[in-house]
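File shown here: work.pdb, holding PDB, C-alpha atoms and all ligand atoms.
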```pdb
ATOM      1  CA  MET X   1    -215.552  56.950 186.258  1.00  0.00           C
ATOM      2  CA  LEU X   2    -215.338  55.731 189.848  1.00  0.00           C
ATOM      3  CA  GLU X   3    -212.546  53.351 188.846  1.00  0.00           C
ATOM      4  CA  GLU X   4    -210.785  56.114 186.932  1.00  0.00           C
ATOM      5  CA  ILE X   5    -210.706  58.459 189.934  1.00  0.00           C
ATOM      6  CA  GLY X   6    -209.962  55.646 192.379  1.00  0.00           C
ATOM      7  CA  TYR X   7    -212.916  56.248 194.702  1.00  0.00           C
ATOM      8  CA  ASN X   8    -214.335  53.479 196.856  1.00  0.00           C
ATOM      9  CA  TYR X   9    -217.844  52.556 195.864  1.00  0.00           C
ATOM     10  CA  LYS X  10    -220.551  50.044 196.448  1.00  0.00           C
ATOM     11  CA  VAL X  11    -223.022  49.166 193.688  1.00  0.00           C
ATOM     12  CA  THR X  12    -226.678  48.524 194.465  1.00  0.00           C
ATOM     13  CA  LYS X  13    -228.388  46.897 191.533  1.00  0.00           C
ATOM     14  CA  ILE X  14    -231.860  48.088 190.566  1.00  0.00           C
ATOM     15  CA  ASP X  15    -233.578  45.506 188.392  1.00  0.00           C
ATOM     16  CA  ILE X  16    -235.416  47.646 185.832  1.00  0.00           C
ATOM     17  CA  ASN X  17    -236.939  44.556 184.202  1.00  0.00           C
ATOM     18  CA  ASN X  18    -238.592  43.933 187.539  1.00  0.00           C
ATOM     19  CA  GLU X  19    -239.714  47.570 187.857  1.00  0.00           C
ATOM     20  CA  GLU X  20    -237.565  48.150 190.955  1.00  0.00           C
ATOM     21  CA  GLN X  21    -236.886  51.672 189.675  1.00  0.00           C
ATOM     22  CA  PHE X  22    -240.460  52.588 190.645  1.00  0.00           C
ATOM     23  CA  ASN X  23    -239.947  51.775 194.334  1.00  0.00           C
ATOM     24  CA  LYS X  24    -240.881  54.737 196.515  1.00  0.00           C
ATOM     25  CA  ASP X  25    -237.453  55.031 198.117  1.00  0.00           C
ATOM     26  CA  PHE X  26    -235.654  54.931 194.791  1.00  0.00           C
ATOM     27  CA  LYS X  27    -237.955  57.556 193.280  1.00  0.00           C
ATOM     28  CA  LYS X  28    -237.029  59.914 196.110  1.00  0.00           C
ATOM     29  CA  ILE X  29    -233.486  60.070 194.741  1.00  0.00           C
ATOM     30  CA  SER X  30    -234.325  59.593 191.051  1.00  0.00           C
ATOM     31  CA  PRO X  31    -237.338  61.714 190.039  1.00  0.00           C
ATOM     32  CA  PHE X  32    -237.700  60.012 186.641  1.00  0.00           C
ATOM     33  CA  SER X  33    -237.110  56.527 188.079  1.00  0.00           C
ATOM     34  CA  LYS X  34    -233.959  56.050 186.032  1.00  0.00           C
ATOM     35  CA  ILE X  35    -230.612  54.483 186.763  1.00  0.00           C
ATOM     36  CA  PRO X  36    -227.873  55.506 187.464  1.00  0.00           C
ATOM     37  CA  VAL X  37    -227.920  57.518 190.673  1.00  0.00           C
ATOM     38  CA  ILE X  38    -225.057  58.001 193.116  1.00  0.00           C
ATOM     39  CA  ILE X  39    -225.016  58.800 196.808  1.00  0.00           C
ATOM     40  CA  ASP X  40    -221.961  60.617 198.106  1.00  0.00           C
ATOM     41  CA  HIS X  41    -221.781  59.311 201.656  1.00  0.00           C
ATOM     42  CA  LYS X  42    -219.282  62.009 202.652  1.00  0.00           C
ATOM     43  CA  ASN X  43    -221.983  64.695 202.457  1.00  0.00           C
ATOM     44  CA  ASN X  44    -225.168  62.679 201.839  1.00  0.00           C
ATOM     45  CA  LYS X  45    -225.710  64.274 198.432  1.00  0.00           C
ATOM     46  CA  THR X  46    -227.581  62.246 195.827  1.00  0.00           C
ATOM     47  CA  ILE X  47    -227.087  62.898 192.122  1.00  0.00           C
ATOM     48  CA  PHE X  48    -229.154  61.583 189.219  1.00  0.00           C
ATOM     49  CA  GLU X  49    -228.488  61.850 185.415  1.00  0.00           C
ATOM     50  CA  SER X  50    -225.234  60.285 184.248  1.00  0.00           C
ATOM     51  CA  GLY X  51    -223.891  63.559 182.771  1.00  0.00           C
ATOM     52  CA  ALA X  52    -224.459  65.403 186.044  1.00  0.00           C
ATOM     53  CA  ILE X  53    -222.875  62.486 187.922  1.00  0.00           C
ATOM     54  CA  LEU X  54    -219.787  62.641 185.704  1.00  0.00           C
ATOM     55  CA  ILE X  55    -219.482  66.409 186.187  1.00  0.00           C
ATOM     56  CA  TYR X  56    -219.932  66.053 189.950  1.00  0.00           C
ATOM     57  CA  LEU X  57    -217.239  63.387 190.250  1.00  0.00           C
ATOM     58  CA  ALA X  58    -214.902  65.236 187.895  1.00  0.00           C
ATOM     59  CA  GLU X  59    -215.220  68.473 189.857  1.00  0.00           C
ATOM     60  CA  LYS X  60    -214.777  66.672 193.133  1.00  0.00           C
ATOM     61  CA  SER X  61    -211.720  64.677 192.035  1.00  0.00           C
ATOM     62  CA  GLU X  62    -210.375  67.431 189.764  1.00  0.00           C
ATOM     63  CA  LYS X  63    -209.860  64.867 187.037  1.00  0.00           C
ATOM     64  CA  PHE X  64    -210.991  64.461 183.412  1.00  0.00           C
ATOM     65  CA  TYR X  65    -212.628  67.930 183.273  1.00  0.00           C
ATOM     66  CA  ASN X  66    -209.845  70.401 182.663  1.00  0.00           C
ATOM     67  CA  GLU X  67    -210.977  73.920 183.561  1.00  0.00           C
ATOM     68  CA  ASN X  68    -209.419  75.396 180.430  1.00  0.00           C
ATOM     69  CA  ASN X  69    -211.377  73.105 178.162  1.00  0.00           C
ATOM     70  CA  ARG X  70    -214.781  72.883 179.823  1.00  0.00           C
ATOM     71  CA  THR X  71    -216.874  74.368 177.046  1.00  0.00           C
ATOM     72  CA  GLU X  72    -215.457  71.858 174.562  1.00  0.00           C
ATOM     73  CA  ILE X  73    -215.923  68.965 177.008  1.00  0.00           C
ATOM     74  CA  ASN X  74    -219.487  70.085 177.803  1.00  0.00           C
ATOM     75  CA  GLN X  75    -220.426  70.110 174.119  1.00  0.00           C
ATOM     76  CA  TRP X  76    -219.340  66.508 173.591  1.00  0.00           C
ATOM     77  CA  LEU X  77    -220.802  65.376 176.886  1.00  0.00           C
ATOM     78  CA  MET X  78    -224.168  67.013 176.122  1.00  0.00           C
ATOM     79  CA  ALA X  79    -224.147  65.512 172.614  1.00  0.00           C
ATOM     80  CA  GLN X  80    -223.804  62.114 174.244  1.00  0.00           C
ATOM     81  CA  MET X  81    -226.593  62.752 176.737  1.00  0.00           C
ATOM     82  CA  SER X  82    -229.044  64.218 174.248  1.00  0.00           C
ATOM     83  CA  TYR X  83    -228.236  62.397 171.015  1.00  0.00           C
ATOM     84  CA  ILE X  84    -225.696  59.557 171.006  1.00  0.00           C
ATOM     85  CA  GLY X  85    -227.064  57.685 174.038  1.00  0.00           C
ATOM     86  CA  PRO X  86    -230.782  58.148 173.358  1.00  0.00           C
ATOM     87  CA  MET X  87    -230.491  57.229 169.653  1.00  0.00           C
ATOM     88  CA  LEU X  88    -228.263  54.191 170.164  1.00  0.00           C
ATOM     89  CA  GLY X  89    -230.615  53.264 173.004  1.00  0.00           C
ATOM     90  CA  GLN X  90    -233.555  53.201 170.582  1.00  0.00           C
ATOM     91  CA  HIS X  91    -231.463  51.177 168.142  1.00  0.00           C
ATOM     92  CA  HIS X  92    -230.937  48.637 170.946  1.00  0.00           C
ATOM     93  CA  GLN X  93    -234.691  48.528 171.539  1.00  0.00           C
ATOM     94  CA  PHE X  94    -235.753  48.009 167.923  1.00  0.00           C
ATOM     95  CA  HIS X  95    -232.816  46.127 166.416  1.00  0.00           C
ATOM     96  CA  HIS X  96    -231.390  44.107 169.311  1.00  0.00           C
ATOM     97  CA  TYR X  97    -234.223  43.443 171.769  1.00  0.00           C
ATOM     98  CA  ASN X  98    -237.355  43.577 169.595  1.00  0.00           C
ATOM     99  CA  PRO X  99    -236.486  42.790 165.968  1.00  0.00           C
ATOM    100  CA  GLY X 100    -239.443  42.282 163.647  1.00  0.00           C
ATOM    101  CA  LYS X 101    -241.841  44.463 165.632  1.00  0.00           C
ATOM    102  CA  SER X 102    -241.491  47.722 163.730  1.00  0.00           C
ATOM    103  CA  LYS X 103    -239.778  48.098 160.382  1.00  0.00           C
ATOM    104  CA  PHE X 104    -240.047  51.865 160.695  1.00  0.00           C
ATOM    105  CA  GLY X 105    -238.341  51.890 164.115  1.00  0.00           C
ATOM    106  CA  GLU X 106    -235.637  49.467 163.021  1.00  0.00           C
ATOM    107  CA  ASP X 107    -234.812  51.410 159.847  1.00  0.00           C
ATOM    108  CA  ARG X 108    -234.957  54.813 161.490  1.00  0.00           C
ATOM    109  CA  TYR X 109    -232.602  54.072 164.384  1.00  0.00           C
ATOM    110  CA  PHE X 110    -230.257  51.910 162.315  1.00  0.00           C
ATOM    111  CA  LYS X 111    -229.801  54.839 159.945  1.00  0.00           C
ATOM    112  CA  ILE X 112    -229.291  57.354 162.752  1.00  0.00           C
ATOM    113  CA  SER X 113    -226.833  55.028 164.523  1.00  0.00           C
ATOM    114  CA  LYS X 114    -224.758  54.675 161.347  1.00  0.00           C
ATOM    115  CA  ARG X 115    -224.706  58.460 161.098  1.00  0.00           C
ATOM    116  CA  ILE X 116    -223.480  58.704 164.672  1.00  0.00           C
ATOM    117  CA  TYR X 117    -220.620  56.276 163.946  1.00  0.00           C
ATOM    118  CA  GLN X 118    -219.717  58.362 160.892  1.00  0.00           C
ATOM    119  CA  GLU X 119    -219.911  61.643 162.800  1.00  0.00           C
ATOM    120  CA  LEU X 120    -217.814  60.361 165.699  1.00  0.00           C
ATOM    121  CA  ASP X 121    -215.313  58.951 163.221  1.00  0.00           C
ATOM    122  CA  GLU X 122    -215.027  62.351 161.536  1.00  0.00           C
ATOM    123  CA  ARG X 123    -214.479  64.089 164.849  1.00  0.00           C
ATOM    124  CA  LEU X 124    -211.842  61.550 165.869  1.00  0.00           C
ATOM    125  CA  SER X 125    -210.019  62.046 162.571  1.00  0.00           C
ATOM    126  CA  LYS X 126    -209.293  65.576 163.797  1.00  0.00           C
ATOM    127  CA  ALA X 127    -208.835  65.048 167.536  1.00  0.00           C
ATOM    128  CA  LYS X 128    -207.310  62.291 169.651  1.00  0.00           C
ATOM    129  CA  PHE X 129    -210.260  62.292 172.058  1.00  0.00           C
ATOM    130  CA  LEU X 130    -213.742  63.772 171.707  1.00  0.00           C
ATOM    131  CA  SER X 131    -212.999  67.101 173.326  1.00  0.00           C
ATOM    132  CA  GLY X 132    -209.390  67.386 172.133  1.00  0.00           C
ATOM    133  CA  ASP X 133    -205.997  66.073 173.214  1.00  0.00           C
ATOM    134  CA  ASN X 134    -207.081  64.560 176.517  1.00  0.00           C
ATOM    135  CA  TYR X 135    -209.313  61.755 177.739  1.00  0.00           C
ATOM    136  CA  THR X 136    -212.230  63.410 179.574  1.00  0.00           C
ATOM    137  CA  ILE X 137    -215.703  62.749 180.957  1.00  0.00           C
ATOM    138  CA  ALA X 138    -217.014  63.176 177.380  1.00  0.00           C
ATOM    139  CA  ASP X 139    -215.128  60.019 176.380  1.00  0.00           C
ATOM    140  CA  ILE X 140    -216.058  58.282 179.636  1.00  0.00           C
ATOM    141  CA  GLY X 141    -219.751  58.949 178.939  1.00  0.00           C
ATOM    142  CA  THR X 142    -219.610  57.868 175.290  1.00  0.00           C
ATOM    143  CA  PHE X 143    -217.396  54.781 175.446  1.00  0.00           C
ATOM    144  CA  PRO X 144    -219.978  52.416 177.035  1.00  0.00           C
ATOM    145  CA  TRP X 145    -222.375  53.032 174.138  1.00  0.00           C
ATOM    146  CA  ILE X 146    -219.772  52.169 171.514  1.00  0.00           C
ATOM    147  CA  ALA X 147    -218.797  49.165 173.617  1.00  0.00           C
ATOM    148  CA  ARG X 148    -222.156  47.668 172.572  1.00  0.00           C
ATOM    149  CA  HIS X 149    -221.033  47.769 168.917  1.00  0.00           C
ATOM    150  CA  GLU X 150    -221.803  44.070 168.445  1.00  0.00           C
ATOM    151  CA  TRP X 151    -225.484  44.810 169.065  1.00  0.00           C
ATOM    152  CA  HIS X 152    -225.365  47.677 166.569  1.00  0.00           C
ATOM    153  CA  ASP X 153    -224.367  45.496 163.564  1.00  0.00           C
ATOM    154  CA  ILE X 154    -222.774  48.503 161.899  1.00  0.00           C
ATOM    155  CA  GLY X 155    -219.211  47.209 161.824  1.00  0.00           C
ATOM    156  CA  LEU X 156    -216.995  49.281 164.092  1.00  0.00           C
ATOM    157  CA  LYS X 157    -213.895  48.196 162.166  1.00  0.00           C
ATOM    158  CA  LYS X 158    -215.058  50.141 159.105  1.00  0.00           C
ATOM    159  CA  PHE X 159    -214.481  53.346 161.087  1.00  0.00           C
ATOM    160  CA  ASN X 160    -210.729  53.669 161.552  1.00  0.00           C
ATOM    161  CA  ASN X 161    -210.656  56.674 163.855  1.00  0.00           C
ATOM    162  CA  LEU X 162    -213.501  55.507 166.044  1.00  0.00           C
ATOM    163  CA  THR X 163    -211.809  52.093 166.295  1.00  0.00           C
ATOM    164  CA  ARG X 164    -208.485  53.671 167.253  1.00  0.00           C
ATOM    165  CA  TRP X 165    -210.243  55.665 170.016  1.00  0.00           C
ATOM    166  CA  TYR X 166    -212.239  52.630 171.148  1.00  0.00           C
ATOM    167  CA  GLU X 167    -209.202  50.352 171.353  1.00  0.00           C
ATOM    168  CA  GLU X 168    -207.170  52.867 173.294  1.00  0.00           C
ATOM    169  CA  ILE X 169    -209.915  53.342 175.888  1.00  0.00           C
ATOM    170  CA  SER X 170    -210.578  49.571 176.083  1.00  0.00           C
ATOM    171  CA  GLU X 171    -206.990  49.117 177.240  1.00  0.00           C
ATOM    172  CA  ARG X 172    -207.313  51.417 180.238  1.00  0.00           C
ATOM    173  CA  GLU X 173    -207.030  49.551 183.525  1.00  0.00           C
ATOM    174  CA  ALA X 174    -210.018  51.389 185.027  1.00  0.00           C
ATOM    175  CA  VAL X 175    -212.201  50.523 182.032  1.00  0.00           C
ATOM    176  CA  LYS X 176    -211.259  46.846 182.195  1.00  0.00           C
ATOM    177  CA  LYS X 177    -211.941  46.805 185.934  1.00  0.00           C
ATOM    178  CA  GLY X 178    -215.302  48.550 185.571  1.00  0.00           C
ATOM    179  CA  PHE X 179    -216.385  46.138 182.847  1.00  0.00           C
ATOM    180  CA  ALA X 180    -215.299  43.054 184.758  1.00  0.00           C
ATOM    181  CA  PHE X 181    -216.962  44.302 187.919  1.00  0.00           C
ATOM    182  CA  MET X 182    -220.352  45.055 186.427  1.00  0.00           C
ATOM    183  CA  ASN X 183    -220.641  41.896 184.377  1.00  0.00           C
ATOM    184  CA  LYS X 184    -218.602  39.039 185.822  1.00  0.00           C
ATOM    185  CA  ASN X 185    -215.233  39.108 184.066  1.00  0.00           C
ATOM    186  CA  GLU X 186    -216.625  40.677 180.897  1.00  0.00           C
ATOM    187  CA  THR X 187    -214.084  42.562 178.783  1.00  0.00           C
ATOM    188  CA  PRO X 188    -214.870  45.316 176.261  1.00  0.00           C
ATOM    189  CA  PRO X 189    -215.731  43.464 173.007  1.00  0.00           C
ATOM    190  CA  LYS X 190    -213.004  43.635 170.348  1.00  0.00           C
ATOM    191  CA  PRO X 191    -213.824  45.777 167.280  1.00  0.00           C
TER     192      PRO X 191
HETATM  193  N1  LIG X 201    -230.557  60.498 180.738  1.00  0.00           N
HETATM  194  C1  LIG X 201    -230.416  59.430 181.690  1.00  0.00           C
HETATM  195  C2  LIG X 201    -230.894  58.152 181.061  1.00  0.00           C
HETATM  196  C3  LIG X 201    -230.919  57.022 182.009  1.00  0.00           C
HETATM  197  C4  LIG X 201    -231.751  55.870 181.484  1.00  0.00           C
HETATM  198  O1  LIG X 201    -232.418  55.969 180.459  1.00  0.00           O
HETATM  199  N2  LIG X 201    -231.744  54.774 182.222  1.00  0.00           N
HETATM  200  C5  LIG X 201    -232.558  53.616 181.842  1.00  0.00           C
HETATM  201  C6  LIG X 201    -231.696  52.351 181.791  1.00  0.00           C
HETATM  202  S1  LIG X 201    -230.426  52.464 180.634  1.00  0.00           S
HETATM  203  C7  LIG X 201    -233.616  53.377 182.915  1.00  0.00           C
HETATM  204  O2  LIG X 201    -233.349  53.592 184.077  1.00  0.00           O
HETATM  205  N3  LIG X 201    -234.804  52.930 182.504  1.00  0.00           N
HETATM  206  C8  LIG X 201    -235.838  52.592 183.430  1.00  0.00           C
HETATM  207  C9  LIG X 201    -237.161  53.277 183.120  1.00  0.00           C
HETATM  208  O3  LIG X 201    -237.184  54.172 182.271  1.00  0.00           O
HETATM  209  O4  LIG X 201    -238.151  52.888 183.707  1.00  0.00           O
HETATM  210  C10 LIG X 201    -228.946  59.315 182.109  1.00  0.00           C
HETATM  211  O5  LIG X 201    -228.070  59.517 181.260  1.00  0.00           O
HETATM  212  O6  LIG X 201    -228.675  59.047 183.304  1.00  0.00           O
END
```
Could you rewrite the structure in this file as structure tokens?
Amino acid sequence: MLEEIGYNYKVTKIDINNEEQFNKDFKKISPFSKIPVIIDHKNNKTIFESGAILIYLAEKSEKFYNENNRTEINQWLMAQMSYIGPMLGQHHQFHHYNPGKSKFGEDRYFKISKRIYQELDERLSKAKFLSGDNYTIADIGTFPWIARHEWHDIGLKKFNNLTRWYEEISEREAVKKGFAFMNKNETPPKP
């Protein structure tokens, strides 16, 4: 998002594997000890929760959050925050990071993740982007989850509309820059 709106930013890494998220100073700005958090140095505001961060930056920059379409954008953004992200996140935990530890967990989140691919594919058979004709913060919030499709083992290519959406977003300059910046020259994985 910061690349998309062309704001200057500095990234401070918090190593969650090393429990840095529980540091006292970090907890002051992130009550649940979660990343990401941003600090707007223009007004010293801090914002936690990625959906709230996207809304804040979109309102500030007046980009990717068209006033006439906010209810539609909010629905898809909230679906990401409450369902797509958390479920795919569990799939990462059981299937990618800890295979063999819980058959129930693996099966449950694999099944839900497949459903999510199917549901997104259906939506994208009717609309160019999640909330309609335009690329918005709903797409910006959802794309990074689908960009981990290799971990999901579902086969992104089987979903034509989701693949079309994914490829188009992968080609955006800001997306390529953001990817390469966070993980040394990484590019969004091909479908
Ligand atoms: N709903 C939050 C979720 C953030 C989240 O779960 N962050 C994880 C990393 S992906 C985290 O900080 N985990 C550290 C912990 O829970 O201790 C958001 O969208 O910002």
- Item | Picked residues, the PyMOL selection byres (((not hetatm)) within 12 of (chain X and resi 201)), expected as a PyMOL selection string | chain X and resi 13-23+26-27+30-38+47-54+77-90+92-93+141-142+144-145
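The spacing separating CA of Ile73 in chain X from CA of Ala138 in chain X amounts to 5.9 Å.
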- Message: Show me, as an MDAnalysis selection string, the residues that have an atom within 12 Å of Leu162 in chain X when counting all atoms listed in the file, minus same-chain residues fewer than 6 positions from it.
- Response: chainID X and resid 116:130 139 142:143 146:147 149 155:156 168:169 191
Just write the chosen residues, C-alpha atoms, as a tab-separated table (two decimals), in the frame of the given file.
```
chain	number	residue	atom	x	y	z
X	116	ILE	CA	-223.48	58.70	164.67
X	117	TYR	CA	-220.62	56.28	163.95
X	118	GLN	CA	-219.72	58.36	160.89
X	119	GLU	CA	-219.91	61.64	162.80
X	120	LEU	CA	-217.81	60.36	165.70
X	121	ASP	CA	-215.31	58.95	163.22
X	122	GLU	CA	-215.03	62.35	161.54
X	123	ARG	CA	-214.48	64.09	164.85
X	124	LEU	CA	-211.84	61.55	165.87
X	125	SER	CA	-210.02	62.05	162.57
X	126	LYS	CA	-209.29	65.58	163.80
X	127	ALA	CA	-208.84	65.05	167.54
X	128	LYS	CA	-207.31	62.29	169.65
X	129	PHE	CA	-210.26	62.29	172.06
X	130	LEU	CA	-213.74	63.77	171.71
X	139	ASP	CA	-215.13	60.02	176.38
X	142	THR	CA	-219.61	57.87	175.29
X	143	PHE	CA	-217.40	54.78	175.45
X	146	ILE	CA	-219.77	52.17	171.51
X	147	ALA	CA	-218.80	49.16	173.62
X	149	HIS	CA	-221.03	47.77	168.92
X	155	GLY	CA	-219.21	47.21	161.82
X	156	LEU	CA	-217.00	49.28	164.09
X	168	GLU	CA	-207.17	52.87	173.29
X	169	ILE	CA	-209.92	53.34	175.89
X	191	PRO	CA	-213.82	45.78	167.28
```
- Answer key for the PyMOL selection byres (((chain X and resi 94) around 12) and not hetatm), residues as a VMD selection string: chain X and resid 87 to 93 95 to 110 113 151 to 152
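Using all atoms listed in the file, the residues found no farther than 12 Å from Tyr7 in chain X, other than those of its own chain fewer than 6 positions away, are Met1, Asp40, His41, Lys42, Leu57, Ala58, Lys60, Ser61, Lys63 and Ala174 of chain X.
Coordinates place CA of Asn43 in chain X at a distance of 23.7 Å from CA of Glu67 in chain X.
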- May I have the residues within 12 Å of Asn66 in chain X as a count of residues only, using only C-alpha atoms and disregarding those fewer than 3 positions away in the same chain? 20
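Comparing the minimum interatomic distances between Glu167 in chain X and each of X:Thr46, X:Pro188, X:Ile154, X:Trp76, counting all atoms listed in the file, we find that X:Pro188 sits nearest.
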- Message: Between CA of Lys114 in chain X and CA of Glu171 in chain X, what distance in Å does the model show, to one decimal?
- Response: 24.5 Å
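Among the candidate residues X:Arg172, X:Phe181, X:Asp153, X:Lys45, the one lying nearest to Val11 in chain X is X:Phe181, with distances computed using all atoms listed in the file.
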- Name the closest residue to Phe64 in chain X among the candidates X:Arg164, X:Glu4, X:Ser170, X:Lys157; distances are taken between atoms, counting all atoms listed in the file. X:Glu4
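Picked out by the PyMOL selection byres (((chain X and resi 3) around 10) and not hetatm) when it runs on this file: Met1, Leu2, Glu4, Ile5, Gly6, Tyr7, Asn8, Tyr9, Glu173, Ala174, Val175, Lys176, Lys177 and Gly178 of chain X.
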Completion of range 69-77 of chain X up to all heavy atoms, as a compact mmCIF listing (two decimals), in the coordinates of the input:
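Here's the written file part_39.txt:
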```txt
# COMPACT_ATOMS: atom_id res chain seq x y z
N ASN X 69 -210.76 73.71 179.35
CA ASN X 69 -211.38 73.10 178.16
C ASN X 69 -212.85 72.74 178.40
O ASN X 69 -213.42 71.95 177.67
CB ASN X 69 -210.56 71.84 177.81
CG ASN X 69 -210.74 71.43 176.38
OD1 ASN X 69 -211.00 72.27 175.51
ND2 ASN X 69 -210.65 70.14 176.11
N ARG X 70 -213.45 73.36 179.41
CA ARG X 70 -214.78 72.88 179.82
C ARG X 70 -215.87 73.07 178.77
O ARG X 70 -216.74 72.23 178.63
CB ARG X 70 -215.20 73.55 181.14
CG ARG X 70 -214.40 72.95 182.26
CD ARG X 70 -215.08 72.93 183.57
NE ARG X 70 -214.21 72.16 184.46
CZ ARG X 70 -214.16 72.28 185.75
NH1 ARG X 70 -214.94 73.12 186.38
NH2 ARG X 70 -213.35 71.52 186.45
N THR X 71 -215.82 74.15 178.04
CA THR X 71 -216.87 74.37 177.05
C THR X 71 -216.83 73.27 176.00
O THR X 71 -217.86 72.72 175.60
CB THR X 71 -216.72 75.76 176.38
OG1 THR X 71 -216.73 76.72 177.43
CG2 THR X 71 -217.85 76.05 175.43
N GLU X 72 -215.62 72.92 175.57
CA GLU X 72 -215.46 71.86 174.56
C GLU X 72 -215.93 70.51 175.15
O GLU X 72 -216.67 69.76 174.51
CB GLU X 72 -213.97 71.79 174.19
CG GLU X 72 -213.68 71.07 172.89
CD GLU X 72 -214.19 71.79 171.65
OE1 GLU X 72 -214.54 72.98 171.72
OE2 GLU X 72 -214.27 71.12 170.60
N ILE X 73 -215.52 70.24 176.37
CA ILE X 73 -215.92 68.96 177.01
C ILE X 73 -217.44 68.92 177.16
O ILE X 73 -218.08 67.91 176.85
CB ILE X 73 -215.23 68.79 178.39
CG1 ILE X 73 -213.71 68.76 178.24
CG2 ILE X 73 -215.73 67.53 179.09
CD1 ILE X 73 -212.93 68.85 179.55
N ASN X 74 -218.03 70.04 177.61
CA ASN X 74 -219.49 70.08 177.80
C ASN X 74 -220.23 69.79 176.50
O ASN X 74 -221.24 69.09 176.50
CB ASN X 74 -219.93 71.45 178.32
CG ASN X 74 -219.54 71.67 179.77
OD1 ASN X 74 -219.23 70.72 180.48
ND2 ASN X 74 -219.54 72.91 180.21
N GLN X 75 -219.73 70.33 175.40
CA GLN X 75 -220.43 70.11 174.12
C GLN X 75 -220.50 68.62 173.79
O GLN X 75 -221.55 68.10 173.41
CB GLN X 75 -219.67 70.80 172.98
CG GLN X 75 -219.75 72.30 173.01
CD GLN X 75 -218.98 72.90 171.86
OE1 GLN X 75 -219.54 73.15 170.79
NE2 GLN X 75 -217.70 73.09 172.05
N TRP X 76 -219.36 67.92 173.95
CA TRP X 76 -219.34 66.51 173.59
C TRP X 76 -220.09 65.66 174.60
O TRP X 76 -220.75 64.67 174.24
CB TRP X 76 -217.89 66.04 173.39
CG TRP X 76 -217.35 66.66 172.15
CD1 TRP X 76 -216.63 67.81 172.06
CD2 TRP X 76 -217.59 66.22 170.80
NE1 TRP X 76 -216.39 68.11 170.73
CE2 TRP X 76 -216.97 67.15 169.94
CE3 TRP X 76 -218.27 65.14 170.23
CZ2 TRP X 76 -216.99 67.04 168.55
CZ3 TRP X 76 -218.29 65.02 168.85
CH2 TRP X 76 -217.67 65.96 168.03
N LEU X 77 -220.05 66.10 175.85
CA LEU X 77 -220.80 65.38 176.89
C LEU X 77 -222.31 65.55 176.66
O LEU X 77 -223.07 64.58 176.71
CB LEU X 77 -220.39 65.89 178.28
CG LEU X 77 -221.05 65.18 179.46
CD1 LEU X 77 -220.64 63.71 179.54
CD2 LEU X 77 -220.71 65.88 180.77
```
